[in-house]
Amino acid sequence: MAALPGVDIHEEPDVFYLSSNAPVLYLNSVFNARFNGNAVQKIESASEYFRGLSDSYTWFITPSSEPENLGEQILALGGELLKTVPHMVIQLDEIQRELPIPSNFFCQPVRTRDQLADWISIYCQARDSEASTDKLYAIFSGLDLTETSQLQLVLGYVEDQPVATYSVFLDEELSGFYSLSTVPCA
């Protein structure tokens with residue numbers, strides 16, 4: 001994320017924020033909150049940080065967030081619960097290895113600017129935020145699209161038509177799949 005133009009990172013030992021001029025959920029967010037007795041102060045600090053930068057921002061509250069009632073404290077200080085997003089975890093040794101996939105479906109890593117435009121279009125369509133397409137392209141156009149990049153964007157196709165996206169982040173210690181999207185008509 002630090003390599004994306006227009007995305008700023010604010011990092012502290014117990015929390016970090018991403019902010020940008022793009023109306024994209026995770027590019028205007030608070031992550032990894034692990035507050036020890038100072039949650040109200042930290043919530044207010046985050047609100048102050050985002051004031052004037054963005055119309056809204058999001059808190060990603062996970063089972064590892066602290067304190068346990070962080071969401072309740074955010075609500076008590078004027079936050080609003082818009083939606084909850086499911087996250088999935090699976091034991092890799094229990095995953096079904098043989099999945100039925102249509103014969104005309106295939107995936108391909110994003111390596112060109114045209115593929116990047118398709119990836120962003122599908123991502124925005126799936127989130128009902130087509131108005132964000134140009135801003136998101138301006139930010140993502142700075143990504144390293146080579147095979148050595150830690151962040152890999154992938155397009156799923158039915159025949160020659162791009163219909164799905166995902167991204168994979170890889171480093172020496174972890175990997176994660178993000179941005180799973182499918183166009184509504186697919």
# chains A, B, ... in the order shown; residues from 1 in each chain; ligands from 1
call {"tool": "residues_around", "arguments": {"residues": "stretch 124-137 of chain A", "least_positions_apart": "4", "cutoff": "7 Å", "atoms": "only C-alpha atoms", "output": "list in words"}}
result
Ala22, Pro23, Ala117, Ile120, Ser141, Ser181, Thr182, Val183 and Pro184 of chain A
call {"tool": "write_last_selection", "arguments": {"atoms": "N, CA, C and O atoms", "output": "PDB file, in the first residue's frame"}}
result
ATOM      1  N   ALA A  22      -9.571   8.538  -2.690  1.00  0.00           N
ATOM      2  CA  ALA A  22     -10.482   7.608  -3.379  1.00  0.00           C
ATOM      3  C   ALA A  22     -11.535   7.097  -2.401  1.00  0.00           C
ATOM      4  O   ALA A  22     -11.213   6.725  -1.283  1.00  0.00           O
ATOM      5  N   PRO A  23     -12.783   7.066  -2.825  1.00  0.00           N
ATOM      6  CA  PRO A  23     -13.848   6.551  -1.949  1.00  0.00           C
ATOM      7  C   PRO A  23     -13.882   5.026  -1.955  1.00  0.00           C
ATOM      8  O   PRO A  23     -14.846   4.404  -2.344  1.00  0.00           O
ATOM      9  N   ALA A 117      -7.398  -1.877 -15.852  1.00  0.00           N
ATOM     10  CA  ALA A 117      -8.673  -1.165 -16.029  1.00  0.00           C
ATOM     11  C   ALA A 117      -9.843  -2.139 -15.905  1.00  0.00           C
ATOM     12  O   ALA A 117     -10.863  -1.814 -15.270  1.00  0.00           O
ATOM     13  N   ILE A 120     -10.227  -3.112 -12.137  1.00  0.00           N
ATOM     14  CA  ILE A 120     -10.838  -2.032 -11.350  1.00  0.00           C
ATOM     15  C   ILE A 120     -12.315  -1.887 -11.689  1.00  0.00           C
ATOM     16  O   ILE A 120     -13.148  -1.686 -10.803  1.00  0.00           O
ATOM     17  N   SER A 141      -2.682   2.686 -10.716  1.00  0.00           N
ATOM     18  CA  SER A 141      -1.805   2.703 -11.889  1.00  0.00           C
ATOM     19  C   SER A 141      -0.334   2.751 -11.486  1.00  0.00           C
ATOM     20  O   SER A 141       0.543   2.451 -12.298  1.00  0.00           O
ATOM     21  N   SER A 181     -14.253 -10.420  -6.204  1.00  0.00           N
ATOM     22  CA  SER A 181     -15.371  -9.711  -6.822  1.00  0.00           C
ATOM     23  C   SER A 181     -15.845 -10.464  -8.053  1.00  0.00           C
ATOM     24  O   SER A 181     -15.038 -11.061  -8.754  1.00  0.00           O
ATOM     25  N   THR A 182     -17.123 -10.388  -8.306  1.00  0.00           N
ATOM     26  CA  THR A 182     -17.702 -10.943  -9.520  1.00  0.00           C
ATOM     27  C   THR A 182     -18.690  -9.951 -10.071  1.00  0.00           C
ATOM     28  O   THR A 182     -19.465  -9.365  -9.305  1.00  0.00           O
ATOM     29  N   VAL A 183     -18.686  -9.745 -11.391  1.00  0.00           N
ATOM     30  CA  VAL A 183     -19.658  -8.842 -11.964  1.00  0.00           C
ATOM     31  C   VAL A 183     -21.050  -9.440 -11.747  1.00  0.00           C
ATOM     32  O   VAL A 183     -21.221 -10.656 -11.768  1.00  0.00           O
ATOM     33  N   PRO A 184     -22.037  -8.587 -11.503  1.00  0.00           N
ATOM     34  CA  PRO A 184     -23.372  -9.087 -11.168  1.00  0.00           C
ATOM     35  C   PRO A 184     -23.972 -10.054 -12.192  1.00  0.00           C
ATOM     36  O   PRO A 184     -24.667 -10.971 -11.825  1.00  0.00           O
TER      37      PRO A 184
END
call {"tool": "select_by_dssp", "arguments": {"residues": "stretch 19-108 of chain A", "states": "strand (DSSP E)", "output": "list in words"}}
result
Ser19, Ser20, Ser29, Val30, Phe31, Thr58, Trp59, Phe105, Phe106, Cys107 and Gln108 of chain A
call {"tool": "residues_around", "arguments": {"residues": "A:Leu70", "least_positions_apart": "4", "cutoff": "8 Å", "atoms": "only C-alpha atoms", "output": "PDB file with C-alpha atoms, in the first residue's frame"}}
result
ATOM      1  CA  ALA A  39      -9.505   3.372  23.405  1.00  0.00           C
ATOM      2  CA  ILE A  61     -12.751  -4.585  13.748  1.00  0.00           C
ATOM      3  CA  SER A  65      -9.027  -5.956  17.990  1.00  0.00           C
ATOM      4  CA  GLU A  66      -8.718  -4.610  21.517  1.00  0.00           C
ATOM      5  CA  ILE A  74     -16.923   3.650  18.514  1.00  0.00           C
TER       6      ILE A  74
END
call {"tool": "residues_around", "arguments": {"residues": "A:Ile101", "least_positions_apart": "4", "cutoff": "12 Å", "atoms": "only C-alpha atoms", "output": "list in words"}}
result
Arg97, Phe105, Phe106, Cys107, Gly156, Tyr157 and Val158 of chain A
call {"tool": "write_last_selection", "arguments": {"atoms": "all heavy atoms", "output": "mmCIF file, in the first residue's frame"}}
result
data_model
loop_
_atom_site.group_PDB
_atom_site.id
_atom_site.type_symbol
_atom_site.label_atom_id
_atom_site.label_comp_id
_atom_site.auth_asym_id
_atom_site.auth_seq_id
_atom_site.Cartn_x
_atom_site.Cartn_y
_atom_site.Cartn_z
ATOM 1 N N ARG A 97 -9.987 -30.145 -2.564
ATOM 2 C CA ARG A 97 -8.994 -29.970 -3.621
ATOM 3 C C ARG A 97 -9.599 -29.991 -5.019
ATOM 4 O O ARG A 97 -9.072 -29.369 -5.927
ATOM 5 C CB ARG A 97 -7.923 -31.053 -3.541
ATOM 6 C CG ARG A 97 -7.204 -31.084 -2.214
ATOM 7 C CD ARG A 97 -6.231 -29.959 -2.120
ATOM 8 N NE ARG A 97 -5.508 -30.063 -0.846
ATOM 9 C CZ ARG A 97 -5.017 -29.046 -0.218
ATOM 10 N NH1 ARG A 97 -5.118 -27.860 -0.703
ATOM 11 N NH2 ARG A 97 -4.395 -29.204 0.926
ATOM 12 N N PHE A 105 -13.757 -21.205 -17.978
ATOM 13 C CA PHE A 105 -13.296 -20.238 -16.978
ATOM 14 C C PHE A 105 -11.799 -20.402 -16.766
ATOM 15 O O PHE A 105 -11.288 -21.511 -16.649
ATOM 16 C CB PHE A 105 -14.024 -20.445 -15.640
ATOM 17 C CG PHE A 105 -13.567 -19.490 -14.570
ATOM 18 C CD1 PHE A 105 -14.069 -18.201 -14.517
ATOM 19 C CD2 PHE A 105 -12.617 -19.871 -13.629
ATOM 20 C CE1 PHE A 105 -13.643 -17.308 -13.543
ATOM 21 C CE2 PHE A 105 -12.186 -18.990 -12.643
ATOM 22 C CZ PHE A 105 -12.701 -17.703 -12.608
ATOM 23 N N PHE A 106 -11.086 -19.262 -16.694
ATOM 24 C CA PHE A 106 -9.666 -19.294 -16.383
ATOM 25 C C PHE A 106 -9.265 -17.995 -15.695
ATOM 26 O O PHE A 106 -9.966 -16.993 -15.779
ATOM 27 C CB PHE A 106 -8.805 -19.533 -17.639
ATOM 28 C CG PHE A 106 -8.868 -18.429 -18.652
ATOM 29 C CD1 PHE A 106 -7.886 -17.446 -18.693
ATOM 30 C CD2 PHE A 106 -9.899 -18.375 -19.583
ATOM 31 C CE1 PHE A 106 -7.942 -16.428 -19.638
ATOM 32 C CE2 PHE A 106 -9.955 -17.367 -20.526
ATOM 33 C CZ PHE A 106 -8.979 -16.380 -20.551
ATOM 34 N N CYS A 107 -8.157 -18.021 -14.993
ATOM 35 C CA CYS A 107 -7.629 -16.848 -14.304
ATOM 36 C C CYS A 107 -6.291 -16.468 -14.908
ATOM 37 O O CYS A 107 -5.549 -17.326 -15.392
ATOM 38 C CB CYS A 107 -7.439 -17.143 -12.820
ATOM 39 S SG CYS A 107 -8.974 -17.324 -11.918
ATOM 40 N N GLY A 156 -10.433 -13.117 -13.418
ATOM 41 C CA GLY A 156 -11.063 -14.351 -13.831
ATOM 42 C C GLY A 156 -11.873 -14.078 -15.092
ATOM 43 O O GLY A 156 -12.547 -13.049 -15.201
ATOM 44 N N TYR A 157 -11.780 -14.982 -16.040
ATOM 45 C CA TYR A 157 -12.451 -14.815 -17.336
ATOM 46 C C TYR A 157 -13.402 -15.976 -17.589
ATOM 47 O O TYR A 157 -13.124 -17.115 -17.213
ATOM 48 C CB TYR A 157 -11.431 -14.827 -18.479
ATOM 49 C CG TYR A 157 -10.475 -13.674 -18.507
ATOM 50 C CD1 TYR A 157 -9.319 -13.684 -17.728
ATOM 51 C CD2 TYR A 157 -10.711 -12.581 -19.332
ATOM 52 C CE1 TYR A 157 -8.425 -12.628 -17.766
ATOM 53 C CE2 TYR A 157 -9.817 -11.517 -19.379
ATOM 54 C CZ TYR A 157 -8.676 -11.547 -18.593
ATOM 55 O OH TYR A 157 -7.798 -10.501 -18.646
ATOM 56 N N VAL A 158 -14.511 -15.680 -18.253
ATOM 57 C CA VAL A 158 -15.346 -16.697 -18.884
ATOM 58 C C VAL A 158 -15.177 -16.448 -20.372
ATOM 59 O O VAL A 158 -15.520 -15.376 -20.878
ATOM 60 C CB VAL A 158 -16.825 -16.593 -18.464
ATOM 61 C CG1 VAL A 158 -17.685 -17.529 -19.300
ATOM 62 C CG2 VAL A 158 -16.982 -16.884 -16.991
#
call {"tool": "residues_around", "arguments": {"residues": "A:Phe35", "least_positions_apart": "3", "cutoff": "10 Å", "atoms": "only C-alpha atoms", "output": "number ranges by chain"}}
result
A: 13-15, 32, 38-43, 65-68, 70
call {"tool": "write_last_selection", "arguments": {"atoms": "N, CA, C and O atoms", "output": "mmCIF file, in the first residue's frame"}}
result
data_model
loop_
_atom_site.group_PDB
_atom_site.id
_atom_site.type_symbol
_atom_site.label_atom_id
_atom_site.label_comp_id
_atom_site.auth_asym_id
_atom_site.auth_seq_id
_atom_site.Cartn_x
_atom_site.Cartn_y
_atom_site.Cartn_z
ATOM 1 N N PRO A 13 2.318 2.134 17.182
ATOM 2 C CA PRO A 13 2.521 0.750 17.635
ATOM 3 C C PRO A 13 1.223 -0.046 17.795
ATOM 4 O O PRO A 13 1.226 -1.263 17.618
ATOM 5 N N ASP A 14 0.113 0.631 18.097
ATOM 6 C CA ASP A 14 -1.122 -0.095 18.385
ATOM 7 C C ASP A 14 -2.243 0.128 17.366
ATOM 8 O O ASP A 14 -3.376 -0.299 17.587
ATOM 9 N N VAL A 15 -1.929 0.755 16.218
ATOM 10 C CA VAL A 15 -2.956 0.999 15.201
ATOM 11 C C VAL A 15 -2.291 1.580 13.955
ATOM 12 O O VAL A 15 -1.210 2.159 14.042
ATOM 13 N N ASN A 32 -5.979 -2.863 12.602
ATOM 14 C CA ASN A 32 -5.080 -3.439 13.592
ATOM 15 C C ASN A 32 -5.118 -2.716 14.938
ATOM 16 O O ASN A 32 -4.082 -2.537 15.584
ATOM 17 N N ASN A 38 -6.736 2.967 26.496
ATOM 18 C CA ASN A 38 -6.841 4.317 25.947
ATOM 19 C C ASN A 38 -7.714 4.368 24.693
ATOM 20 O O ASN A 38 -7.504 5.188 23.811
ATOM 21 N N ALA A 39 -8.699 3.495 24.611
ATOM 22 C CA ALA A 39 -9.505 3.372 23.405
ATOM 23 C C ALA A 39 -10.240 4.665 23.058
ATOM 24 O O ALA A 39 -10.264 5.070 21.889
ATOM 25 N N VAL A 40 -10.852 5.321 24.021
ATOM 26 C CA VAL A 40 -11.609 6.546 23.731
ATOM 27 C C VAL A 40 -10.677 7.589 23.121
ATOM 28 O O VAL A 40 -11.002 8.207 22.100
ATOM 29 N N GLN A 41 -9.521 7.785 23.703
ATOM 30 C CA GLN A 41 -8.547 8.749 23.172
ATOM 31 C C GLN A 41 -8.130 8.362 21.754
ATOM 32 O O GLN A 41 -8.031 9.219 20.870
ATOM 33 N N LYS A 42 -7.894 7.089 21.494
ATOM 34 C CA LYS A 42 -7.456 6.628 20.177
ATOM 35 C C LYS A 42 -8.575 6.762 19.139
ATOM 36 O O LYS A 42 -8.317 7.113 17.985
ATOM 37 N N ILE A 43 -9.813 6.496 19.527
ATOM 38 C CA ILE A 43 -10.944 6.668 18.615
ATOM 39 C C ILE A 43 -11.076 8.136 18.242
ATOM 40 O O ILE A 43 -11.255 8.488 17.067
ATOM 41 N N SER A 65 -8.973 -7.362 17.583
ATOM 42 C CA SER A 65 -9.027 -5.956 17.990
ATOM 43 C C SER A 65 -9.205 -5.862 19.501
ATOM 44 O O SER A 65 -9.882 -6.687 20.118
ATOM 45 N N GLU A 66 -8.594 -4.845 20.077
ATOM 46 C CA GLU A 66 -8.718 -4.610 21.517
ATOM 47 C C GLU A 66 -9.052 -3.148 21.752
ATOM 48 O O GLU A 66 -8.551 -2.282 21.036
ATOM 49 N N PRO A 67 -9.902 -2.864 22.722
ATOM 50 C CA PRO A 67 -10.525 -3.809 23.642
ATOM 51 C C PRO A 67 -11.621 -4.605 22.939
ATOM 52 O O PRO A 67 -12.024 -4.291 21.827
ATOM 53 N N GLU A 68 -12.091 -5.607 23.629
ATOM 54 C CA GLU A 68 -13.096 -6.500 23.066
ATOM 55 C C GLU A 68 -14.360 -5.740 22.648
ATOM 56 O O GLU A 68 -15.019 -6.113 21.693
ATOM 57 N N LEU A 70 -14.529 -2.693 21.378
ATOM 58 C CA LEU A 70 -14.126 -1.542 20.581
ATOM 59 C C LEU A 70 -15.274 -1.017 19.722
ATOM 60 O O LEU A 70 -15.518 0.189 19.666
#
call {"tool": "closest_residue", "arguments": {"among": "A:Tyr178, A:Tyr166, A:Tyr123, A:Tyr57", "to": "A:Ser20", "atoms": "only C-alpha atoms"}}
result
A:Tyr57
call {"tool": "atom_distance", "arguments": {"atom1": "atom CA of A:Val154", "atom2": "atom CA of A:Val168"}}
result
7.9 Å
call {"tool": "residues_around", "arguments": {"residues": "A:Gly79", "least_positions_apart": "3", "cutoff": "12 Å", "atoms": "only C-alpha atoms", "output": "PyMOL selection string"}}
result
chain A and resi 43-44+46-47+56-59+70-76+82
call {"tool": "atom_distance", "arguments": {"atom1": "atom CA of A:Arg113", "atom2": "atom CA of A:Gly142"}}
result
10.2 Å
call {"tool": "residues_around", "arguments": {"residues": "A:Tyr49", "least_positions_apart": "4", "cutoff": "10 Å", "atoms": "only C-alpha atoms", "output": "PyMOL selection string"}}
result
chain A and resi 10+17+19+43-45+53-54
call {"tool": "closest_residue", "arguments": {"among": "A:Gly52, A:Thr62, A:Ile9, A:Leu170", "to": "A:Arg34", "atoms": "only C-alpha atoms"}}
result
A:Thr62
call {"tool": "select_by_dssp", "arguments": {"residues": "stretch 53-153 of chain A", "states": "helix (DSSP H, G or I)", "output": "ChimeraX atom specification"}}
result
/A:70-76,92-94,113-126,130-140
